[in-house]
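This is upload-v3.pdb. It holds PDB, C-alpha atoms.
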```
ATOM      1  CA  MET T   1     -51.324-309.391  57.399  1.00  0.00           C
ATOM      2  CA  ILE T   2     -51.794-307.922  60.840  1.00  0.00           C
ATOM      3  CA  GLN T   3     -54.972-307.255  62.775  1.00  0.00           C
ATOM      4  CA  TYR T   4     -55.217-304.220  65.028  1.00  0.00           C
ATOM      5  CA  SER T   5     -57.729-303.291  67.674  1.00  0.00           C
ATOM      6  CA  LEU T   6     -58.502-299.628  67.044  1.00  0.00           C
ATOM      7  CA  LYS T   7     -60.397-296.828  68.730  1.00  0.00           C
ATOM      8  CA  CYS T   8     -61.422-293.367  67.589  1.00  0.00           C
ATOM      9  CA  LYS T   9     -61.537-290.035  69.466  1.00  0.00           C
ATOM     10  CA  GLU T  10     -65.132-290.903  70.501  1.00  0.00           C
ATOM     11  CA  SER T  11     -63.832-294.158  72.113  1.00  0.00           C
ATOM     12  CA  HIS T  12     -65.580-296.420  69.586  1.00  0.00           C
ATOM     13  CA  GLN T  13     -63.618-299.664  69.370  1.00  0.00           C
ATOM     14  CA  PHE T  14     -63.273-301.852  66.272  1.00  0.00           C
ATOM     15  CA  GLU T  15     -60.789-304.129  64.549  1.00  0.00           C
ATOM     16  CA  SER T  16     -59.247-304.030  61.091  1.00  0.00           C
ATOM     17  CA  TRP T  17     -56.673-305.946  59.066  1.00  0.00           C
ATOM     18  CA  PHE T  18     -53.663-304.292  57.427  1.00  0.00           C
ATOM     19  CA  GLN T  19     -50.974-305.601  55.118  1.00  0.00           C
ATOM     20  CA  SER T  20     -48.277-304.534  57.592  1.00  0.00           C
ATOM     21  CA  ALA T  21     -47.586-302.116  60.440  1.00  0.00           C
ATOM     22  CA  GLU T  22     -46.106-299.705  57.902  1.00  0.00           C
ATOM     23  CA  ALA T  23     -49.247-299.934  55.763  1.00  0.00           C
ATOM     24  CA  PHE T  24     -51.372-299.001  58.795  1.00  0.00           C
ATOM     25  CA  ASP T  25     -49.164-295.965  59.497  1.00  0.00           C
ATOM     26  CA  LYS T  26     -49.321-294.772  55.852  1.00  0.00           C
ATOM     27  CA  LEU T  27     -53.092-295.220  55.581  1.00  0.00           C
ATOM     28  CA  ARG T  28     -53.698-293.478  58.912  1.00  0.00           C
ATOM     29  CA  ALA T  29     -51.441-290.542  57.947  1.00  0.00           C
ATOM     30  CA  ALA T  30     -53.373-290.209  54.671  1.00  0.00           C
ATOM     31  CA  GLY T  31     -56.684-290.108  56.598  1.00  0.00           C
ATOM     32  CA  MET T  32     -57.825-293.401  55.091  1.00  0.00           C
ATOM     33  CA  VAL T  33     -58.354-295.246  58.370  1.00  0.00           C
ATOM     34  CA  THR T  34     -61.764-294.273  59.666  1.00  0.00           C
ATOM     35  CA  CYS T  35     -63.929-295.312  62.584  1.00  0.00           C
ATOM     36  CA  ALA T  36     -66.363-298.050  61.627  1.00  0.00           C
ATOM     37  CA  VAL T  37     -69.030-296.393  63.828  1.00  0.00           C
ATOM     38  CA  CYS T  38     -68.771-292.626  63.390  1.00  0.00           C
ATOM     39  CA  GLY T  39     -66.398-292.196  60.441  1.00  0.00           C
ATOM     40  CA  SER T  40     -63.785-290.201  62.389  1.00  0.00           C
ATOM     41  CA  THR T  41     -60.277-290.211  60.934  1.00  0.00           C
ATOM     42  CA  GLN T  42     -58.747-289.643  64.375  1.00  0.00           C
ATOM     43  CA  VAL T  43     -58.022-293.338  64.978  1.00  0.00           C
ATOM     44  CA  GLU T  44     -55.389-294.860  67.259  1.00  0.00           C
ATOM     45  CA  LYS T  45     -54.317-298.401  68.045  1.00  0.00           C
ATOM     46  CA  ALA T  46     -56.047-299.710  71.153  1.00  0.00           C
ATOM     47  CA  ILE T  47     -54.401-301.916  73.756  1.00  0.00           C
ATOM     48  CA  MET T  48     -54.321-305.463  72.400  1.00  0.00           C
ATOM     49  CA  ALA T  49     -53.832-308.806  74.071  1.00  0.00           C
ATOM     50  CA  PRO T  50     -51.923-311.451  72.140  1.00  0.00           C
ATOM     51  CA  ARG T  51     -54.070-314.122  70.486  1.00  0.00           C
ATOM     52  CA  LEU T  52     -53.163-317.712  71.083  1.00  0.00           C
ATOM     53  CA  ASN T  53     -54.636-320.454  68.931  1.00  0.00           C
ATOM     54  CA  GLN T  54     -54.833-322.989  71.735  1.00  0.00           C
ATOM     55  CA  LYS T  55     -55.724-322.954  75.366  1.00  0.00           C
ATOM     56  CA  ALA T  56     -52.720-323.012  77.695  1.00  0.00           C
ATOM     57  CA  SER T  57     -54.085-326.082  79.447  1.00  0.00           C
ATOM     58  CA  GLU T  58     -54.333-328.105  76.222  1.00  0.00           C
ATOM     59  CA  PRO T  59     -51.153-329.923  75.188  1.00  0.00           C
ATOM     60  CA  GLU T  60     -50.175-329.512  71.562  1.00  0.00           C
ATOM     61  CA  LYS T  61     -51.499-332.412  69.497  1.00  0.00           C
ATOM     62  CA  ALA T  62     -49.472-333.873  66.653  1.00  0.00           C
ATOM     63  CA  LEU T  63     -51.195-333.619  63.277  1.00  0.00           C
ATOM     64  CA  SER T  64     -50.837-337.372  62.799  1.00  0.00           C
ATOM     65  CA  GLN T  65     -52.963-338.060  65.899  1.00  0.00           C
ATOM     66  CA  PRO T  66     -56.738-338.587  65.506  1.00  0.00           C
ATOM     67  CA  ALA T  67     -58.583-335.319  66.134  1.00  0.00           C
ATOM     68  CA  ASN T  68     -61.896-336.804  67.300  1.00  0.00           C
ATOM     69  CA  PRO T  69     -63.581-340.111  68.258  1.00  0.00           C
ATOM     70  CA  ALA T  70     -64.566-340.892  64.647  1.00  0.00           C
ATOM     71  CA  GLU T  71     -60.983-340.509  63.456  1.00  0.00           C
ATOM     72  CA  GLN T  72     -59.829-342.637  66.403  1.00  0.00           C
ATOM     73  CA  ALA T  73     -62.286-345.415  65.461  1.00  0.00           C
ATOM     74  CA  ILE T  74     -61.122-345.348  61.828  1.00  0.00           C
ATOM     75  CA  ALA T  75     -57.476-345.486  62.936  1.00  0.00           C
ATOM     76  CA  GLU T  76     -58.223-348.515  65.140  1.00  0.00           C
ATOM     77  CA  LEU T  77     -60.136-350.230  62.318  1.00  0.00           C
ATOM     78  CA  ARG T  78     -57.257-349.605  59.928  1.00  0.00           C
ATOM     79  CA  LYS T  79     -54.797-351.113  62.404  1.00  0.00           C
ATOM     80  CA  LYS T  80     -56.941-354.259  62.811  1.00  0.00           C
ATOM     81  CA  VAL T  81     -57.383-354.649  59.049  1.00  0.00           C
ATOM     82  CA  GLU T  82     -53.649-354.245  58.405  1.00  0.00           C
ATOM     83  CA  GLU T  83     -52.768-356.731  61.176  1.00  0.00           C
ATOM     84  CA  ASN T  84     -55.315-359.388  60.164  1.00  0.00           C
ATOM     85  CA  ALA T  85     -55.637-359.200  56.369  1.00  0.00           C
ATOM     86  CA  ASP T  86     -53.373-359.389  53.346  1.00  0.00           C
ATOM     87  CA  TYR T  87     -53.038-356.304  51.175  1.00  0.00           C
ATOM     88  CA  VAL T  88     -53.482-357.408  47.544  1.00  0.00           C
ATOM     89  CA  GLY T  89     -53.578-353.952  45.945  1.00  0.00           C
ATOM     90  CA  ARG T  90     -55.088-353.759  42.434  1.00  0.00           C
ATOM     91  CA  ASP T  91     -55.487-357.563  42.416  1.00  0.00           C
ATOM     92  CA  PHE T  92     -58.330-357.243  44.933  1.00  0.00           C
ATOM     93  CA  VAL T  93     -61.133-358.007  42.468  1.00  0.00           C
ATOM     94  CA  SER T  94     -59.527-361.154  41.052  1.00  0.00           C
ATOM     95  CA  GLU T  95     -58.385-362.346  44.504  1.00  0.00           C
ATOM     96  CA  ALA T  96     -61.807-361.778  46.081  1.00  0.00           C
ATOM     97  CA  ARG T  97     -63.507-363.637  43.224  1.00  0.00           C
ATOM     98  CA  ALA T  98     -60.992-366.521  43.418  1.00  0.00           C
ATOM     99  CA  ILE T  99     -61.487-366.871  47.184  1.00  0.00           C
ATOM    100  CA  HIS T 100     -65.274-366.809  46.710  1.00  0.00           C
ATOM    101  CA  GLU T 101     -65.090-369.478  43.989  1.00  0.00           C
ATOM    102  CA  GLY T 102     -62.714-371.659  46.047  1.00  0.00           C
ATOM    103  CA  THR T 103     -59.791-371.464  43.631  1.00  0.00           C
ATOM    104  CA  ALA T 104     -57.638-369.516  46.103  1.00  0.00           C
ATOM    105  CA  PRO T 105     -57.085-370.194  49.813  1.00  0.00           C
ATOM    106  CA  GLU T 106     -59.664-368.558  52.083  1.00  0.00           C
ATOM    107  CA  ARG T 107     -58.221-365.574  53.908  1.00  0.00           C
ATOM    108  CA  SER T 108     -59.005-361.959  54.735  1.00  0.00           C
ATOM    109  CA  ILE T 109     -57.831-359.524  52.088  1.00  0.00           C
ATOM    110  CA  TYR T 110     -58.083-355.823  51.337  1.00  0.00           C
ATOM    111  CA  GLY T 111     -57.047-353.757  48.378  1.00  0.00           C
ATOM    112  CA  GLU T 112     -58.279-351.476  45.642  1.00  0.00           C
ATOM    113  CA  ALA T 113     -61.186-351.698  43.226  1.00  0.00           C
ATOM    114  CA  ARG T 114     -63.004-349.296  40.956  1.00  0.00           C
ATOM    115  CA  LEU T 115     -66.624-348.613  41.841  1.00  0.00           C
ATOM    116  CA  ASP T 116     -67.962-350.583  38.873  1.00  0.00           C
ATOM    117  CA  GLU T 117     -65.743-353.562  39.792  1.00  0.00           C
ATOM    118  CA  ALA T 118     -66.922-353.497  43.408  1.00  0.00           C
ATOM    119  CA  LYS T 119     -70.587-353.318  42.291  1.00  0.00           C
ATOM    120  CA  LYS T 120     -70.070-356.366  40.045  1.00  0.00           C
ATOM    121  CA  LEU T 121     -68.571-358.336  42.974  1.00  0.00           C
ATOM    122  CA  VAL T 122     -71.608-357.486  45.112  1.00  0.00           C
ATOM    123  CA  GLU T 123     -74.001-358.426  42.276  1.00  0.00           C
ATOM    124  CA  ASP T 124     -72.203-361.763  41.941  1.00  0.00           C
ATOM    125  CA  GLY T 125     -72.601-362.466  45.671  1.00  0.00           C
ATOM    126  CA  VAL T 126     -68.972-361.953  46.628  1.00  0.00           C
ATOM    127  CA  PRO T 127     -68.949-360.614  50.210  1.00  0.00           C
ATOM    128  CA  VAL T 128     -67.045-357.305  50.081  1.00  0.00           C
ATOM    129  CA  ALA T 129     -67.356-353.990  51.873  1.00  0.00           C
ATOM    130  CA  PRO T 130     -65.761-350.561  51.364  1.00  0.00           C
ATOM    131  CA  LEU T 131     -63.216-349.378  53.905  1.00  0.00           C
ATOM    132  CA  PRO T 132     -63.422-345.865  55.385  1.00  0.00           C
ATOM    133  CA  PHE T 133     -59.745-345.236  54.637  1.00  0.00           C
ATOM    134  CA  ASN T 134     -57.408-345.309  51.646  1.00  0.00           C
ATOM    135  CA  PRO T 135     -55.179-348.396  51.988  1.00  0.00           C
ATOM    136  CA  THR T 136     -52.434-346.878  49.837  1.00  0.00           C
ATOM    137  CA  ARG T 137     -52.119-343.708  51.920  1.00  0.00           C
ATOM    138  CA  LYS T 138     -49.443-343.934  54.580  1.00  0.00           C
ATOM    139  CA  THR T 139     -50.016-342.596  58.074  1.00  0.00           C
ATOM    140  CA  ASN T 140     -47.315-341.390  60.447  1.00  0.00           C
TER     141      ASN T 140
END
```

Could the structure of this file be written out as structure tokens, please?
Amino acid sequence: MIQYSLKCKESHQFESWFQSAEAFDKLRAAGMVTCAVCGSTQVEKAIMAPRLNQKASEPEKALSQPANPAEQAIAELRKKVEENADYVGRDFVSEARAIHEGTAPERSIYGEARLDEAKKLVEDGVPVAPLPFNPTRKTN
């Protein structure tokens, strides 16, 4: 797809998308490109400036970098959790319950639980909280 700035013989300016440069030429020759204002078929390409998706003064940001303060805060939280807690995966429910009951050594853990399992832990007084990130998803 290509977008052209166009103008008619009356100097009305407008933009339109075309499948390709060749498609524009064929449609124009067939009289199928018309002015969006007056309907004239005498349409030419107008002078166009290139479009850039980023400002020249902004350095290109890697996709793996946080895009805003909220993402930055979540990334920092994730780093702290991973540095200070043990990942127990799908054993989270049983490990959290065992720690709460005193049958496993007290330590910080994180892992995975279904919603119904997490609700049952909360109902039973086990102190748990959801994390705002997926612990199984790797980041670059």

Using only C-alpha atoms, which residues sit within 12 Å of T:Ser94 once same-chain residues fewer than 3 positions away are excluded, as a VMD selection string? chain T and resid 88 to 91 97 to 101 103 to 104 109 to 113 117 to 118 120 to 121 126

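Note that the spacing between atom CA of T:Ser108 and atom CA of T:Ala73 amounts to 20.0 Å.
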
Excluding T:Phe24 and residues on its chain fewer than 6 positions from it, collect all residues at most 10 Å away from it, counting all atoms listed in the file, and give them as a PDB file with C-alpha atoms, keeping the file's coordinate frame.
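Wrote it out as out_2.pdb, contents follow:
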```pdb
ATOM      1  CA  ILE T   2     -51.794-307.922  60.840  1.00  0.00           C
ATOM      2  CA  GLN T   3     -54.972-307.255  62.775  1.00  0.00           C
ATOM      3  CA  TYR T   4     -55.217-304.220  65.028  1.00  0.00           C
ATOM      4  CA  SER T  16     -59.247-304.030  61.091  1.00  0.00           C
ATOM      5  CA  TRP T  17     -56.673-305.946  59.066  1.00  0.00           C
ATOM      6  CA  PHE T  18     -53.663-304.292  57.427  1.00  0.00           C
ATOM      7  CA  ALA T  30     -53.373-290.209  54.671  1.00  0.00           C
ATOM      8  CA  MET T  32     -57.825-293.401  55.091  1.00  0.00           C
ATOM      9  CA  VAL T  33     -58.354-295.246  58.370  1.00  0.00           C
ATOM     10  CA  LYS T  45     -54.317-298.401  68.045  1.00  0.00           C
TER      11      LYS T  45
END
```

Rank T:Glu106, T:Pro132, T:Gln13, T:Tyr87 by their smallest atom-to-atom distance to T:Met48, using only C-alpha atoms, and report the top residue only. T:Gln13

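Of note, atom CA of T:Lys9 and atom CA of T:Gly31 are spaced 13.8 Å apart.
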
Judged by only C-alpha atoms, the minimum distance to T:Arg114 among T:Val43, T:Leu131, T:Val93, T:Leu77 is found for T:Val93

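Comparing T:Ser11, T:Asn134, T:Asn84, T:Ser5 by their smallest distance to T:Cys38, the closest is T:Ser11 (using only C-alpha atoms).
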
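With distances restricted to only C-alpha atoms, T:Glu10 is the closest residue to T:Gln42 from T:Glu123, T:Glu82, T:Glu10, T:Glu76.
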
Give the padded box for stretch 128-138 of chain T as AutoDock Vina command-line options: axis-aligned, covering all atoms listed in the file, 3 Å on each side, centre and edge lengths in Å to one decimal.
```
--center_x -58.4 --center_y -350.5 --center_z 52.6 --size_x 23.9 --size_y 19.6 --size_z 11.5
```

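Between atom CA of T:Phe92 and atom CA of T:Lys119 lies a distance of 13.1 Å.
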
Across T:Pro69, T:Ala96, T:Ile47, T:Thr136, the smallest distance to T:Val122, with only C-alpha atoms counted, is shown by T:Ala96
